[in-house]
$ cat target-v5.cif   # mmCIF, N, CA and C atoms
data_start
loop_
_atom_site.label_atom_id
_atom_site.label_comp_id
_atom_site.auth_asym_id
_atom_site.auth_seq_id
_atom_site.Cartn_x
_atom_site.Cartn_y
_atom_site.Cartn_z
N MET A 24 -3.57 6.74 -8.29
CA MET A 24 -4.50 6.24 -7.28
C MET A 24 -3.81 5.14 -6.49
N SER A 25 -4.02 5.12 -5.19
CA SER A 25 -3.36 4.13 -4.34
C SER A 25 -3.97 2.74 -4.56
N LEU A 26 -3.19 1.73 -4.24
CA LEU A 26 -3.65 0.35 -4.41
C LEU A 26 -4.89 0.07 -3.57
N ILE A 27 -4.97 0.63 -2.39
CA ILE A 27 -6.14 0.40 -1.54
C ILE A 27 -7.40 0.95 -2.20
N ARG A 28 -7.29 2.15 -2.75
CA ARG A 28 -8.45 2.74 -3.44
C ARG A 28 -8.83 1.92 -4.68
N ILE A 29 -7.84 1.49 -5.41
CA ILE A 29 -8.11 0.67 -6.59
C ILE A 29 -8.82 -0.61 -6.19
N GLY A 30 -8.34 -1.26 -5.13
CA GLY A 30 -8.97 -2.49 -4.65
C GLY A 30 -10.41 -2.26 -4.23
N TRP A 31 -10.64 -1.18 -3.46
CA TRP A 31 -12.02 -0.87 -3.03
C TRP A 31 -12.91 -0.61 -4.24
N LEU A 32 -12.40 0.13 -5.22
CA LEU A 32 -13.19 0.43 -6.41
C LEU A 32 -13.55 -0.86 -7.16
N ARG A 33 -12.56 -1.71 -7.37
CA ARG A 33 -12.83 -2.99 -8.05
C ARG A 33 -13.87 -3.81 -7.29
N GLY A 34 -13.70 -3.89 -5.98
CA GLY A 34 -14.63 -4.66 -5.16
C GLY A 34 -16.04 -4.12 -5.21
N ILE A 35 -16.17 -2.81 -5.11
CA ILE A 35 -17.50 -2.19 -5.11
C ILE A 35 -18.19 -2.37 -6.46
N VAL A 36 -17.43 -2.21 -7.54
CA VAL A 36 -18.02 -2.39 -8.87
C VAL A 36 -18.52 -3.83 -9.04
N LEU A 37 -17.69 -4.80 -8.67
CA LEU A 37 -18.09 -6.20 -8.80
C LEU A 37 -19.29 -6.52 -7.91
N PHE A 38 -19.28 -5.99 -6.68
CA PHE A 38 -20.41 -6.22 -5.77
C PHE A 38 -21.68 -5.62 -6.35
N ALA A 39 -21.58 -4.43 -6.92
CA ALA A 39 -22.75 -3.76 -7.49
C ALA A 39 -23.36 -4.57 -8.63
N VAL A 40 -22.52 -5.10 -9.48
CA VAL A 40 -23.03 -5.90 -10.62
C VAL A 40 -23.78 -7.13 -10.11
N PHE A 41 -23.14 -7.89 -9.23
CA PHE A 41 -23.79 -9.08 -8.69
C PHE A 41 -24.98 -8.70 -7.81
N GLY A 42 -24.88 -7.60 -7.08
CA GLY A 42 -25.97 -7.15 -6.24
C GLY A 42 -27.21 -6.81 -7.05
N LEU A 43 -27.02 -6.20 -8.20
CA LEU A 43 -28.16 -5.91 -9.08
C LEU A 43 -28.83 -7.19 -9.57
N PHE A 44 -28.02 -8.19 -9.90
CA PHE A 44 -28.59 -9.49 -10.29
C PHE A 44 -29.39 -10.09 -9.14
N ALA A 45 -28.87 -9.98 -7.93
CA ALA A 45 -29.56 -10.52 -6.75
C ALA A 45 -30.89 -9.79 -6.53
N LEU A 46 -30.89 -8.48 -6.66
CA LEU A 46 -32.13 -7.72 -6.51
C LEU A 46 -33.16 -8.14 -7.56
N TYR A 47 -32.71 -8.28 -8.78
CA TYR A 47 -33.61 -8.70 -9.87
C TYR A 47 -34.22 -10.07 -9.56
N GLN A 48 -33.39 -10.99 -9.11
CA GLN A 48 -33.89 -12.33 -8.78
C GLN A 48 -34.85 -12.29 -7.61
N GLY A 49 -34.57 -11.45 -6.63
CA GLY A 49 -35.47 -11.31 -5.49
C GLY A 49 -36.81 -10.74 -5.89
N TRP A 50 -36.80 -9.74 -6.75
CA TRP A 50 -38.04 -9.14 -7.22
C TRP A 50 -38.87 -10.11 -8.06
N ASN A 51 -38.19 -11.05 -8.69
CA ASN A 51 -38.89 -12.04 -9.52
C ASN A 51 -39.28 -13.29 -8.74
N GLY A 52 -39.27 -13.21 -7.44
CA GLY A 52 -39.74 -14.32 -6.61
C GLY A 52 -38.81 -15.51 -6.54
N GLN A 53 -37.51 -15.26 -6.62
CA GLN A 53 -36.51 -16.33 -6.52
C GLN A 53 -35.59 -16.05 -5.33
N PRO A 54 -36.09 -16.14 -4.11
CA PRO A 54 -35.27 -15.75 -2.95
C PRO A 54 -34.03 -16.62 -2.75
N ASN A 55 -34.12 -17.92 -3.02
CA ASN A 55 -32.94 -18.78 -2.86
C ASN A 55 -31.85 -18.43 -3.86
N THR A 56 -32.24 -18.20 -5.09
CA THR A 56 -31.27 -17.81 -6.11
C THR A 56 -30.68 -16.44 -5.80
N ALA A 57 -31.53 -15.53 -5.31
CA ALA A 57 -31.05 -14.20 -4.95
C ALA A 57 -30.04 -14.29 -3.81
N TYR A 58 -30.29 -15.15 -2.84
CA TYR A 58 -29.37 -15.34 -1.71
C TYR A 58 -28.02 -15.86 -2.21
N ASP A 59 -28.06 -16.87 -3.08
CA ASP A 59 -26.82 -17.41 -3.64
C ASP A 59 -26.05 -16.34 -4.41
N THR A 60 -26.78 -15.53 -5.18
CA THR A 60 -26.13 -14.48 -5.95
C THR A 60 -25.56 -13.41 -5.04
N LEU A 61 -26.24 -13.14 -3.93
CA LEU A 61 -25.71 -12.17 -2.97
C LEU A 61 -24.42 -12.68 -2.32
N ILE A 62 -24.36 -13.97 -2.06
CA ILE A 62 -23.11 -14.56 -1.55
C ILE A 62 -22.01 -14.43 -2.61
N ALA A 63 -22.37 -14.69 -3.88
CA ALA A 63 -21.40 -14.52 -4.97
C ALA A 63 -20.96 -13.05 -5.06
N ALA A 64 -21.87 -12.12 -4.77
CA ALA A 64 -21.52 -10.70 -4.78
C ALA A 64 -20.48 -10.41 -3.70
N GLY A 65 -20.65 -11.02 -2.53
CA GLY A 65 -19.66 -10.86 -1.47
C GLY A 65 -18.32 -11.42 -1.88
N MET A 66 -18.32 -12.57 -2.53
CA MET A 66 -17.07 -13.16 -3.00
C MET A 66 -16.41 -12.26 -4.04
N ALA A 67 -17.22 -11.74 -4.97
CA ALA A 67 -16.69 -10.86 -6.01
C ALA A 67 -16.09 -9.60 -5.39
N PHE A 68 -16.75 -9.07 -4.36
CA PHE A 68 -16.22 -7.89 -3.68
C PHE A 68 -14.83 -8.18 -3.11
N PHE A 69 -14.70 -9.28 -2.38
CA PHE A 69 -13.41 -9.59 -1.76
C PHE A 69 -12.34 -9.92 -2.81
N LEU A 70 -12.73 -10.58 -3.90
CA LEU A 70 -11.75 -10.86 -4.95
C LEU A 70 -11.28 -9.57 -5.61
N GLY A 71 -12.20 -8.65 -5.85
CA GLY A 71 -11.81 -7.36 -6.41
C GLY A 71 -10.93 -6.58 -5.46
N LEU A 72 -11.31 -6.57 -4.19
CA LEU A 72 -10.56 -5.85 -3.17
C LEU A 72 -9.13 -6.39 -3.04
N THR A 73 -9.00 -7.70 -3.03
CA THR A 73 -7.68 -8.31 -2.81
C THR A 73 -6.88 -8.50 -4.09
N SER A 74 -7.45 -8.17 -5.24
CA SER A 74 -6.71 -8.36 -6.49
C SER A 74 -5.45 -7.50 -6.54
N VAL A 75 -5.41 -6.45 -5.75
CA VAL A 75 -4.23 -5.58 -5.76
C VAL A 75 -3.02 -6.21 -5.08
N ILE A 76 -3.23 -7.32 -4.40
CA ILE A 76 -2.09 -8.02 -3.78
C ILE A 76 -1.03 -8.33 -4.83
N TYR A 77 -1.46 -8.65 -6.03
CA TYR A 77 -0.52 -9.03 -7.09
C TYR A 77 0.13 -7.80 -7.74
N GLU A 78 -0.24 -6.62 -7.31
CA GLU A 78 0.37 -5.41 -7.85
C GLU A 78 1.39 -4.79 -6.90
N VAL A 79 1.63 -5.42 -5.76
CA VAL A 79 2.65 -4.95 -4.82
C VAL A 79 3.99 -5.45 -5.33
N ARG A 80 4.74 -4.59 -5.98
CA ARG A 80 5.97 -4.98 -6.68
C ARG A 80 7.08 -5.46 -5.75
N ARG A 81 7.11 -4.97 -4.53
CA ARG A 81 8.22 -5.34 -3.64
C ARG A 81 8.06 -6.73 -3.04
N TRP A 82 6.88 -7.35 -3.22
CA TRP A 82 6.64 -8.70 -2.71
C TRP A 82 6.96 -9.71 -3.80
N SER A 83 7.59 -10.80 -3.42
CA SER A 83 7.84 -11.88 -4.37
C SER A 83 6.51 -12.56 -4.71
N PHE A 84 6.49 -13.24 -5.83
CA PHE A 84 5.25 -13.90 -6.24
C PHE A 84 4.82 -14.97 -5.23
N PRO A 85 5.72 -15.81 -4.71
CA PRO A 85 5.29 -16.77 -3.68
C PRO A 85 4.70 -16.08 -2.45
N LYS A 86 5.25 -14.94 -2.07
CA LYS A 86 4.69 -14.20 -0.93
C LYS A 86 3.30 -13.68 -1.26
N GLN A 87 3.11 -13.18 -2.48
CA GLN A 87 1.79 -12.70 -2.91
C GLN A 87 0.77 -13.84 -2.87
N ILE A 88 1.17 -15.00 -3.33
CA ILE A 88 0.27 -16.16 -3.32
C ILE A 88 -0.10 -16.54 -1.89
N PHE A 89 0.89 -16.59 -1.00
CA PHE A 89 0.62 -16.96 0.39
C PHE A 89 -0.31 -15.95 1.05
N ILE A 90 -0.07 -14.67 0.83
CA ILE A 90 -0.94 -13.64 1.42
C ILE A 90 -2.34 -13.76 0.85
N HIS A 91 -2.44 -13.95 -0.45
CA HIS A 91 -3.75 -14.11 -1.08
C HIS A 91 -4.49 -15.33 -0.51
N TRP A 92 -3.79 -16.45 -0.41
CA TRP A 92 -4.38 -17.67 0.13
C TRP A 92 -4.87 -17.45 1.56
N SER A 93 -4.06 -16.76 2.36
CA SER A 93 -4.44 -16.48 3.75
C SER A 93 -5.67 -15.58 3.82
N VAL A 94 -5.69 -14.54 3.01
CA VAL A 94 -6.82 -13.61 3.02
C VAL A 94 -8.09 -14.31 2.53
N MET A 95 -7.97 -15.20 1.57
CA MET A 95 -9.14 -15.92 1.08
C MET A 95 -9.77 -16.79 2.18
N HIS A 96 -8.94 -17.29 3.08
CA HIS A 96 -9.47 -18.08 4.20
C HIS A 96 -10.29 -17.23 5.16
N VAL A 97 -10.00 -15.96 5.23
CA VAL A 97 -10.71 -15.08 6.15
C VAL A 97 -11.92 -14.44 5.47
N THR A 98 -11.90 -14.30 4.15
CA THR A 98 -12.96 -13.59 3.45
C THR A 98 -13.89 -14.52 2.66
N ILE A 99 -13.34 -15.28 1.75
CA ILE A 99 -14.15 -16.10 0.85
C ILE A 99 -14.65 -17.37 1.53
N LEU A 100 -13.78 -18.06 2.26
CA LEU A 100 -14.17 -19.33 2.87
C LEU A 100 -15.42 -19.22 3.75
N PRO A 101 -15.53 -18.21 4.61
CA PRO A 101 -16.78 -18.12 5.39
C PRO A 101 -18.03 -17.99 4.52
N LEU A 102 -17.90 -17.31 3.40
CA LEU A 102 -19.05 -17.20 2.49
C LEU A 102 -19.38 -18.54 1.85
N VAL A 103 -18.35 -19.31 1.52
CA VAL A 103 -18.56 -20.65 0.97
C VAL A 103 -19.26 -21.54 2.00
N LEU A 104 -18.85 -21.42 3.24
CA LEU A 104 -19.40 -22.27 4.30
C LEU A 104 -20.86 -21.93 4.61
N LEU A 105 -21.33 -20.74 4.23
CA LEU A 105 -22.73 -20.38 4.44
C LEU A 105 -23.68 -21.26 3.62
N ARG A 106 -23.19 -21.78 2.52
CA ARG A 106 -24.06 -22.53 1.60
C ARG A 106 -23.74 -24.01 1.51
N THR A 107 -23.18 -24.59 2.55
CA THR A 107 -22.85 -26.00 2.48
C THR A 107 -23.24 -26.71 3.77
N ASP A 108 -23.49 -28.01 3.63
CA ASP A 108 -23.79 -28.83 4.79
C ASP A 108 -22.52 -29.52 5.31
N SER A 109 -21.59 -29.76 4.42
CA SER A 109 -20.36 -30.46 4.80
C SER A 109 -19.19 -29.48 4.79
N TRP A 110 -18.86 -28.97 5.97
CA TRP A 110 -17.79 -28.00 6.06
C TRP A 110 -16.44 -28.61 5.72
N VAL A 111 -16.24 -29.85 6.09
CA VAL A 111 -14.96 -30.51 5.79
C VAL A 111 -14.78 -30.65 4.28
N HIS A 112 -15.82 -31.14 3.60
CA HIS A 112 -15.75 -31.29 2.15
C HIS A 112 -15.53 -29.93 1.48
N ALA A 113 -16.25 -28.90 1.95
CA ALA A 113 -16.11 -27.57 1.36
C ALA A 113 -14.69 -27.04 1.56
N TYR A 114 -14.12 -27.26 2.73
CA TYR A 114 -12.77 -26.79 3.01
C TYR A 114 -11.75 -27.50 2.11
N ILE A 115 -11.91 -28.80 1.94
CA ILE A 115 -11.00 -29.55 1.07
C ILE A 115 -11.12 -29.07 -0.37
N GLN A 116 -12.35 -28.91 -0.86
CA GLN A 116 -12.57 -28.42 -2.22
C GLN A 116 -12.00 -27.01 -2.40
N PHE A 117 -12.20 -26.17 -1.40
CA PHE A 117 -11.69 -24.80 -1.42
C PHE A 117 -10.17 -24.80 -1.60
N ASN A 118 -9.48 -25.62 -0.84
CA ASN A 118 -8.03 -25.68 -0.93
C ASN A 118 -7.55 -26.35 -2.21
N LYS A 119 -8.26 -27.37 -2.67
CA LYS A 119 -7.89 -28.01 -3.95
C LYS A 119 -8.02 -27.01 -5.09
N SER A 120 -9.11 -26.27 -5.09
CA SER A 120 -9.32 -25.26 -6.14
C SER A 120 -8.22 -24.21 -6.07
N GLY A 121 -7.93 -23.75 -4.86
CA GLY A 121 -6.87 -22.75 -4.70
C GLY A 121 -5.53 -23.26 -5.16
N LEU A 122 -5.22 -24.50 -4.82
CA LEU A 122 -3.94 -25.08 -5.23
C LEU A 122 -3.82 -25.16 -6.75
N ILE A 123 -4.89 -25.57 -7.40
CA ILE A 123 -4.88 -25.65 -8.87
C ILE A 123 -4.71 -24.25 -9.47
N LEU A 124 -5.49 -23.29 -8.99
CA LEU A 124 -5.40 -21.93 -9.52
C LEU A 124 -4.03 -21.31 -9.28
N PHE A 125 -3.49 -21.50 -8.09
CA PHE A 125 -2.19 -20.92 -7.79
C PHE A 125 -1.08 -21.58 -8.59
N THR A 126 -1.18 -22.89 -8.81
CA THR A 126 -0.18 -23.59 -9.61
C THR A 126 -0.19 -23.08 -11.04
N VAL A 127 -1.37 -22.99 -11.63
CA VAL A 127 -1.49 -22.48 -13.00
C VAL A 127 -0.98 -21.04 -13.07
N THR A 128 -1.37 -20.22 -12.12
CA THR A 128 -0.93 -18.83 -12.09
C THR A 128 0.59 -18.73 -11.94
N PHE A 129 1.16 -19.55 -11.07
CA PHE A 129 2.60 -19.53 -10.87
C PHE A 129 3.33 -19.93 -12.14
N LEU A 130 2.84 -20.95 -12.82
CA LEU A 130 3.48 -21.38 -14.06
C LEU A 130 3.38 -20.31 -15.14
N LEU A 131 2.22 -19.66 -15.24
CA LEU A 131 2.07 -18.57 -16.21
C LEU A 131 2.99 -17.40 -15.85
N PHE A 132 3.11 -17.10 -14.57
CA PHE A 132 3.99 -16.04 -14.11
C PHE A 132 5.43 -16.32 -14.51
N LYS A 133 5.88 -17.56 -14.29
CA LYS A 133 7.25 -17.92 -14.66
C LYS A 133 7.45 -17.82 -16.16
N LEU A 134 6.47 -18.26 -16.93
CA LEU A 134 6.56 -18.18 -18.39
C LEU A 134 6.65 -16.73 -18.85
N MET A 135 5.84 -15.87 -18.26
CA MET A 135 5.87 -14.46 -18.63
C MET A 135 7.21 -13.83 -18.26
N ARG A 136 7.76 -14.18 -17.12
CA ARG A 136 9.06 -13.65 -16.70
C ARG A 136 10.16 -14.07 -17.67
N ARG A 137 10.11 -15.32 -18.10
CA ARG A 137 11.13 -15.81 -19.05
C ARG A 137 11.03 -15.04 -20.37
N ARG A 138 9.82 -14.79 -20.82
CA ARG A 138 9.64 -14.05 -22.07
C ARG A 138 10.13 -12.62 -21.93
N GLN A 139 9.93 -12.01 -20.77
CA GLN A 139 10.38 -10.64 -20.54
C GLN A 139 11.91 -10.58 -20.51
N VAL A 140 12.53 -11.58 -19.92
CA VAL A 140 14.00 -11.62 -19.84
C VAL A 140 14.59 -11.80 -21.23
N LYS A 141 13.97 -12.64 -22.06
CA LYS A 141 14.48 -12.90 -23.40
C LYS A 141 14.36 -11.67 -24.29
N THR A 142 13.29 -10.88 -24.09
CA THR A 142 13.08 -9.71 -24.96
C THR A 142 13.87 -8.50 -24.51
N SER A 143 14.40 -8.51 -23.27
CA SER A 143 15.15 -7.33 -22.82
C SER A 143 16.60 -7.41 -23.15
#
$ encode --input "target-v5.cif" --output "structure tokens"
Amino acid sequence: MSLIRIGWLRGIVLFAVFGLFALYQGWNGQPNTAYDTLIAAGMAFFLGLTSVIYEVRRWSFPKQIFIHWSVMHVTILPLVLLRTDSWVHAYIQFNKSGLILFTVTFLLFKLMRRRQVKTS
């Protein structure tokens, strides 16, 4: 299966799970919670869709991180901004979170590479 299909499948499955939660909350008279969950469903969809970025073998890990970071600005950030009053604060928090996650991921990636080299 192609990476694009895999990404779409992951995104749709994640959206469906969160979407069902949103429907349940809406039916139970919790429209604000349902709205927040629907936004989370959108985020889950884009995260599932873009998760295949890390499976493109010909791209270096720093390139994968940069592409992922760029795509998150176009997909996830607008969804975050829908639920905030302070866009500047949300943007700063968004980038701080991304920096922490990417740093941890990069360090784990390097550790895994070292272990693979030692075992081969």
$ atom_distance --input "target-v5.cif" --atom1 "atom CA of Gly42 of chain A" --atom2 "atom CA of Thr73 of chain A"
18.6 Å
$ resolve_selection --input "target-v5.cif" --expression "the PyMOL selection byres (((chain A and resi 70 and name CA) around 12) and name CA)" --output "MDAnalysis selection string"
chainID A and resid 30:38 63:69 71:77 91:92 94:100
$ closest_residue --input "target-v5.cif" --among "A:Phe84, A:Phe117, A:Tyr47, A:Trp110" --to "Phe129 of chain A" --atoms "all atoms listed in the file"
A:Phe84
$ residues_around --input "target-v5.cif" --residues "segment 124-127 of chain A" --least-positions-apart "3" --cutoff "12 Å" --atoms "only C-alpha atoms" --output "ChimeraX atom specification"
/A:84-92,117-121,130-134
$ atom_distance --input "target-v5.cif" --atom1 "atom CA of Val79 of chain A" --atom2 "atom CA of Leu26 of chain A"
8.2 Å
$ atom_distance --input "target-v5.cif" --atom1 "atom CA of Leu46 of chain A" --atom2 "atom CA of Ile29 of chain A"
25.4 Å
$ select_by_dssp --input "target-v5.cif" --residues "segment 75-122 of chain A" --states "helix (DSSP H, G or I)" --output "JSON, numbers by chain"
{"A": [75, 76, 77, 78, 84, 85, 86, 87, 88, 89, 90, 91, 92, 93, 94, 95, 96, 97, 98, 99, 100, 101, 102, 103, 104, 110, 111, 112, 113, 114, 115, 116, 117, 118, 119, 120, 121, 122]}
$ closest_residue --input "target-v5.cif" --among "A:Leu61, A:Met24, A:Val103, A:Val140" --to "Gln116 of chain A" --atoms "only C-alpha atoms"
A:Val103
